[in-house]
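Colleague: File start_28.txt below, compact mmCIF, C-alpha atoms:
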```txt
# COMPACT_ATOMS: atom_id res chain seq x y z
CA MET A 30 51.17 -9.46 -16.36
CA LYS A 31 47.47 -9.39 -17.23
CA SER A 32 45.27 -6.56 -16.06
CA PHE A 33 42.28 -7.22 -13.82
CA PHE A 34 39.87 -7.14 -16.77
CA GLN A 35 41.95 -9.51 -18.85
CA LYS A 36 41.96 -12.21 -16.16
CA TYR A 37 38.32 -13.06 -16.62
CA LYS A 38 36.46 -13.96 -19.76
CA PRO A 39 33.52 -11.64 -20.48
CA ASN A 40 31.10 -14.58 -20.86
CA THR A 41 32.08 -15.96 -17.46
CA VAL A 42 31.65 -12.58 -15.77
CA ALA A 43 28.26 -12.11 -17.41
CA LEU A 44 27.15 -15.57 -16.28
CA VAL A 45 28.26 -14.93 -12.68
CA VAL A 46 26.47 -11.57 -12.60
CA LEU A 47 23.33 -13.18 -14.05
CA VAL A 48 23.38 -15.96 -11.45
CA ILE A 49 23.84 -13.47 -8.60
CA ALA A 50 20.97 -11.34 -9.92
CA ALA A 51 18.72 -14.41 -10.23
CA ILE A 52 19.50 -15.43 -6.65
CA LEU A 53 18.73 -11.93 -5.35
CA VAL A 54 15.44 -11.83 -7.25
CA ALA A 55 14.51 -15.31 -6.01
CA LEU A 56 15.14 -14.21 -2.42
CA LEU A 57 13.70 -10.69 -2.53
CA LEU A 58 10.50 -11.17 -4.55
CA PRO A 59 8.80 -13.58 -2.14
CA GLY A 60 9.65 -11.26 0.74
CA MET A 61 8.28 -8.24 -1.09
CA TYR A 62 5.16 -10.18 -2.06
CA TYR A 63 4.61 -11.21 1.56
CA LEU A 64 4.94 -7.64 2.80
CA ASN A 65 2.67 -6.20 0.11
CA ALA A 66 0.07 -8.97 0.09
CA ARG A 67 -0.81 -8.68 3.76
CA VAL A 68 -4.28 -7.62 4.69
CA LYS A 69 -4.11 -5.47 7.81
CA PRO A 70 -6.93 -4.53 10.17
CA ILE A 71 -7.61 -0.79 10.19
CA ASP A 72 -9.59 1.38 12.59
CA LEU A 73 -11.99 3.68 10.75
CA THR A 74 -13.37 5.33 13.88
CA GLY A 75 -13.91 9.05 13.37
CA ILE A 76 -13.30 8.96 9.62
CA GLU A 77 -15.96 10.88 7.72
CA GLU A 78 -17.79 9.05 4.95
CA VAL A 79 -18.24 11.30 1.90
CA ASP A 80 -19.52 11.05 -1.65
CA SER A 81 -18.39 12.39 -5.02
CA SER A 82 -19.40 15.94 -4.08
CA VAL A 83 -16.29 16.08 -1.84
CA VAL A 84 -13.88 13.66 -3.52
CA THR A 85 -14.14 13.07 -7.24
CA TYR A 86 -13.47 9.42 -8.05
CA HIS A 87 -13.83 6.91 -10.82
CA ILE A 88 -13.30 3.16 -10.94
CA ASP A 89 -11.68 2.24 -14.26
CA GLU A 90 -11.55 -1.47 -13.68
CA SER A 91 -12.85 -3.87 -11.08
CA VAL A 92 -12.34 -7.59 -11.29
CA LEU A 93 -14.00 -10.11 -9.04
CA GLN A 94 -12.67 -13.60 -9.59
CA PRO A 95 -12.90 -16.71 -7.43
CA GLU A 96 -9.20 -16.22 -6.61
CA TYR A 97 -8.86 -12.44 -6.19
CA ILE A 98 -10.29 -8.92 -6.23
CA TYR A 99 -8.62 -6.20 -8.31
CA VAL A 100 -9.62 -2.51 -8.36
CA ARG A 101 -8.08 0.32 -10.40
CA GLY A 102 -9.21 3.94 -10.51
CA TYR A 103 -8.50 7.46 -9.37
CA ALA A 104 -9.65 9.93 -6.73
CA TYR A 105 -8.89 13.59 -6.09
CA ILE A 106 -10.31 16.72 -4.49
CA PRO A 107 -11.00 19.27 -7.23
CA GLY A 108 -8.64 22.25 -7.06
CA GLU A 109 -6.16 20.50 -4.73
CA LYS A 110 -2.81 19.13 -5.91
CA ILE A 111 -1.98 15.78 -4.32
CA THR A 112 1.29 16.39 -2.50
CA GLY A 113 1.44 13.06 -0.71
CA PHE A 114 -0.30 9.94 -1.99
CA ASP A 115 -2.18 8.04 0.68
CA GLN A 116 -5.16 6.17 -0.71
CA ARG A 117 -6.07 2.72 0.51
CA LEU A 118 -8.66 0.24 -0.59
CA VAL A 119 -10.53 -1.07 2.41
CA VAL A 120 -12.67 -4.18 2.72
CA ILE A 121 -15.36 -3.98 5.40
CA ASP A 122 -16.95 -7.13 6.75
CA ASP A 123 -20.71 -6.59 6.36
CA VAL A 124 -21.46 -8.91 9.30
CA THR A 125 -18.97 -7.77 11.94
CA GLY A 126 -18.09 -4.29 10.70
CA ALA A 127 -14.37 -5.08 10.90
CA ALA A 128 -12.27 -3.20 8.36
CA TYR A 129 -9.14 -4.38 6.55
CA GLN A 130 -6.84 -2.39 4.31
CA ILE A 131 -5.65 -4.21 1.24
CA PRO A 132 -2.37 -3.49 -0.55
CA THR A 133 -2.89 -0.37 -2.67
CA THR A 134 -0.33 1.38 -4.83
CA MET A 135 -0.23 4.73 -6.60
CA VAL A 136 -0.68 4.78 -10.36
CA THR A 137 0.45 7.89 -12.25
CA ARG A 138 -2.57 9.30 -14.10
CA GLU A 139 -1.55 12.09 -16.43
CA ASP A 140 -4.84 11.50 -18.26
CA VAL A 141 -6.75 12.76 -15.21
CA THR A 142 -4.77 16.00 -15.14
CA SER A 143 -5.37 16.45 -18.88
CA ALA A 144 -9.09 15.67 -18.66
CA VAL A 145 -9.78 18.00 -15.72
CA ASN A 146 -7.60 20.74 -17.24
CA ASP A 147 -7.94 23.24 -14.37
CA GLY A 148 -4.21 23.97 -13.95
CA ILE A 149 -3.81 21.53 -11.04
CA ASN A 150 -1.62 18.44 -11.27
CA TYR A 151 -3.66 15.32 -10.45
CA ASP A 152 -1.07 12.84 -11.76
CA ALA A 153 -0.85 11.14 -8.34
CA ALA A 154 -4.60 10.51 -8.15
CA GLY A 155 -4.46 6.95 -9.50
CA PHE A 156 -4.58 3.82 -7.39
CA GLU A 157 -4.80 0.08 -7.80
CA GLY A 158 -5.05 -2.77 -5.38
CA ALA A 159 -5.53 -6.49 -5.34
CA VAL A 160 -6.13 -9.11 -2.72
CA LYS A 161 -6.70 -12.85 -2.62
CA MET A 162 -10.30 -13.84 -1.94
CA SER A 163 -9.09 -16.12 0.84
CA LYS A 164 -8.18 -12.95 2.79
CA VAL A 165 -11.63 -11.35 2.37
CA PRO A 166 -14.78 -11.97 4.49
CA GLU A 167 -17.70 -13.75 2.80
CA GLN A 168 -19.92 -10.65 2.85
CA TYR A 169 -18.05 -7.41 2.32
CA THR A 170 -18.07 -3.89 0.96
CA VAL A 171 -15.10 -2.27 -0.77
CA LYS A 172 -14.41 1.36 0.10
CA LEU A 173 -11.64 3.83 -0.59
CA LEU A 174 -9.85 5.53 2.28
CA TYR A 175 -8.63 8.89 0.95
CA MET A 176 -5.95 10.37 3.21
CA CYS A 177 -4.02 12.60 0.79
CA ASN A 178 -2.87 16.00 2.05
CA GLY A 179 -4.01 15.28 5.60
CA HIS A 180 -7.65 14.52 4.74
CA GLN A 181 -9.40 11.46 6.10
CA TYR A 182 -12.39 10.50 3.98
CA LEU A 183 -14.04 7.16 3.39
CA ILE A 184 -15.76 6.69 0.05
CA ASP A 185 -18.20 3.89 -0.75
CA ILE A 186 -17.01 3.01 -4.24
CA PHE A 187 -19.19 -0.10 -4.67
CA ALA A 188 -20.23 -3.40 -3.14
CA TRP A 189 -20.33 -6.79 -4.78
```
Once more with this new file: its structure as structure tokens, please.
Modeller:
Amino acid sequence: MKSFFQKYKPNTVALVVLVIAAILVALLLPGMYYLNARVKPIDLTGIEEVDSSVVTYHIDESVLQPEYIYVRGYAYIPGEKITGFDQRLVVIDDVTGAAYQIPTTMVTREDVTSAVNDGINYDAAGFEGAVKMSKVPEQYTVKLLYMCNGHQYLIDIFAW
């Protein structure tokens, strides 16, 4: 009598596993993209607008293309370890004042911790976000909503 592992040829098992993985990826990626690519309205009432004297920030890369906007950078409060990442890029309609948060993710930035070199870990200070231009108003300003460690600050990083 053959054991369980001897019943099946290794190439066949590998092919079946590969097909199942491909099906899962084909089903999950569009769903994840849809969830992450949504532009959501956000209420900025009562959020204090600050400059670099309160929150240190730097934009490493900003791309404005006919199809999309991409922003990558970092922000932190000097002397304060980021214990919970919550930074969001926000697009504000210059005509109506409506605000929309765009998908923003944390980027580990060990280089920031090394450069500041004050004994505080700023590795979680990095962020990046992208959005399709079709989701953005014609006239807009891009700002950063910094909500790490319970703060609520809005930073005017630039306007195109």
Colleague: Any idea what's packed within 6 Å of segment 113-124 of chain A, counting all atoms listed in the file, ignoring anything in its chain fewer than 2 positions away? Could you give it as a ChimeraX atom specification?
Modeller: /A:111,126-131,133,166,168-178
Colleague: I'd like to know which of A:Gly155, A:Pro70, A:Gly75, A:Gly102 is closest to Ile186 of chain A, using all atoms listed in the file.
Modeller: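 Closest residue, counting all atoms listed in the file: A:Gly102.
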Colleague: One number please: atom CA of Tyr97 of chain A to atom CA of Met162 of chain A, in Å, one decimal.
Modeller: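 Going from atom CA of Tyr97 of chain A over to atom CA of Met162 of chain A covers 4.7 Å.
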Colleague: Using only C-alpha atoms, which residues sit within 10 Å of segment 103-107 of chain A once same-chain residues fewer than 5 positions away are excluded, as a PyMOL selection string?
Modeller: chain A and resi 81-89+116+135-138+141+145+147+149+151-157+173+175+177-178+180+184
Colleague: Would you put the residues from that selection into a file with C-alpha atoms, as a PDB file, in the frame of the given file?
Modeller:
```pdb
ATOM      1  CA  SER A  81     -18.390  12.390  -5.020  1.00  0.00           C
ATOM      2  CA  SER A  82     -19.400  15.940  -4.080  1.00  0.00           C
ATOM      3  CA  VAL A  83     -16.290  16.080  -1.840  1.00  0.00           C
ATOM      4  CA  VAL A  84     -13.880  13.660  -3.520  1.00  0.00           C
ATOM      5  CA  THR A  85     -14.140  13.070  -7.240  1.00  0.00           C
ATOM      6  CA  TYR A  86     -13.470   9.420  -8.050  1.00  0.00           C
ATOM      7  CA  HIS A  87     -13.830   6.910 -10.820  1.00  0.00           C
ATOM      8  CA  ILE A  88     -13.300   3.160 -10.940  1.00  0.00           C
ATOM      9  CA  ASP A  89     -11.680   2.240 -14.260  1.00  0.00           C
ATOM     10  CA  GLN A 116      -5.160   6.170  -0.710  1.00  0.00           C
ATOM     11  CA  MET A 135      -0.230   4.730  -6.600  1.00  0.00           C
ATOM     12  CA  VAL A 136      -0.680   4.780 -10.360  1.00  0.00           C
ATOM     13  CA  THR A 137       0.450   7.890 -12.250  1.00  0.00           C
ATOM     14  CA  ARG A 138      -2.570   9.300 -14.100  1.00  0.00           C
ATOM     15  CA  VAL A 141      -6.750  12.760 -15.210  1.00  0.00           C
ATOM     16  CA  VAL A 145      -9.780  18.000 -15.720  1.00  0.00           C
ATOM     17  CA  ASP A 147      -7.940  23.240 -14.370  1.00  0.00           C
ATOM     18  CA  ILE A 149      -3.810  21.530 -11.040  1.00  0.00           C
ATOM     19  CA  TYR A 151      -3.660  15.320 -10.450  1.00  0.00           C
ATOM     20  CA  ASP A 152      -1.070  12.840 -11.760  1.00  0.00           C
ATOM     21  CA  ALA A 153      -0.850  11.140  -8.340  1.00  0.00           C
ATOM     22  CA  ALA A 154      -4.600  10.510  -8.150  1.00  0.00           C
ATOM     23  CA  GLY A 155      -4.460   6.950  -9.500  1.00  0.00           C
ATOM     24  CA  PHE A 156      -4.580   3.820  -7.390  1.00  0.00           C
ATOM     25  CA  GLU A 157      -4.800   0.080  -7.800  1.00  0.00           C
ATOM     26  CA  LEU A 173     -11.640   3.830  -0.590  1.00  0.00           C
ATOM     27  CA  TYR A 175      -8.630   8.890   0.950  1.00  0.00           C
ATOM     28  CA  CYS A 177      -4.020  12.600   0.790  1.00  0.00           C
ATOM     29  CA  ASN A 178      -2.870  16.000   2.050  1.00  0.00           C
ATOM     30  CA  HIS A 180      -7.650  14.520   4.740  1.00  0.00           C
ATOM     31  CA  ILE A 184     -15.760   6.690   0.050  1.00  0.00           C
TER      32      ILE A 184
END
```
Colleague: Work out how far atom CA of Thr125 of chain A is from atom CA of Val79 of chain A, in Å to one decimal.
Modeller: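 So the answer is 21.6 Å.
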Colleague: Name the closest residue to Gly179 of chain A among the candidates A:Leu47, A:Ile52, A:Val68, A:Ile76; distances are taken between atoms, counting only C-alpha atoms.
Modeller: A:Ile76
Colleague: Provide the atom CA of Lys69 of chain A to atom CA of Thr134 of chain A distance in Å, to one decimal place.
Modeller: 14.9 Å
Colleague: Using only C-alpha atoms, find the one residue out of A:Thr41, A:Gln181, A:Ser163, A:Asn150 that sits nearest to Ile98 of chain A.
Modeller: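 Of the candidates, the smallest distance to Ile98 of chain A is held by A:Ser163.
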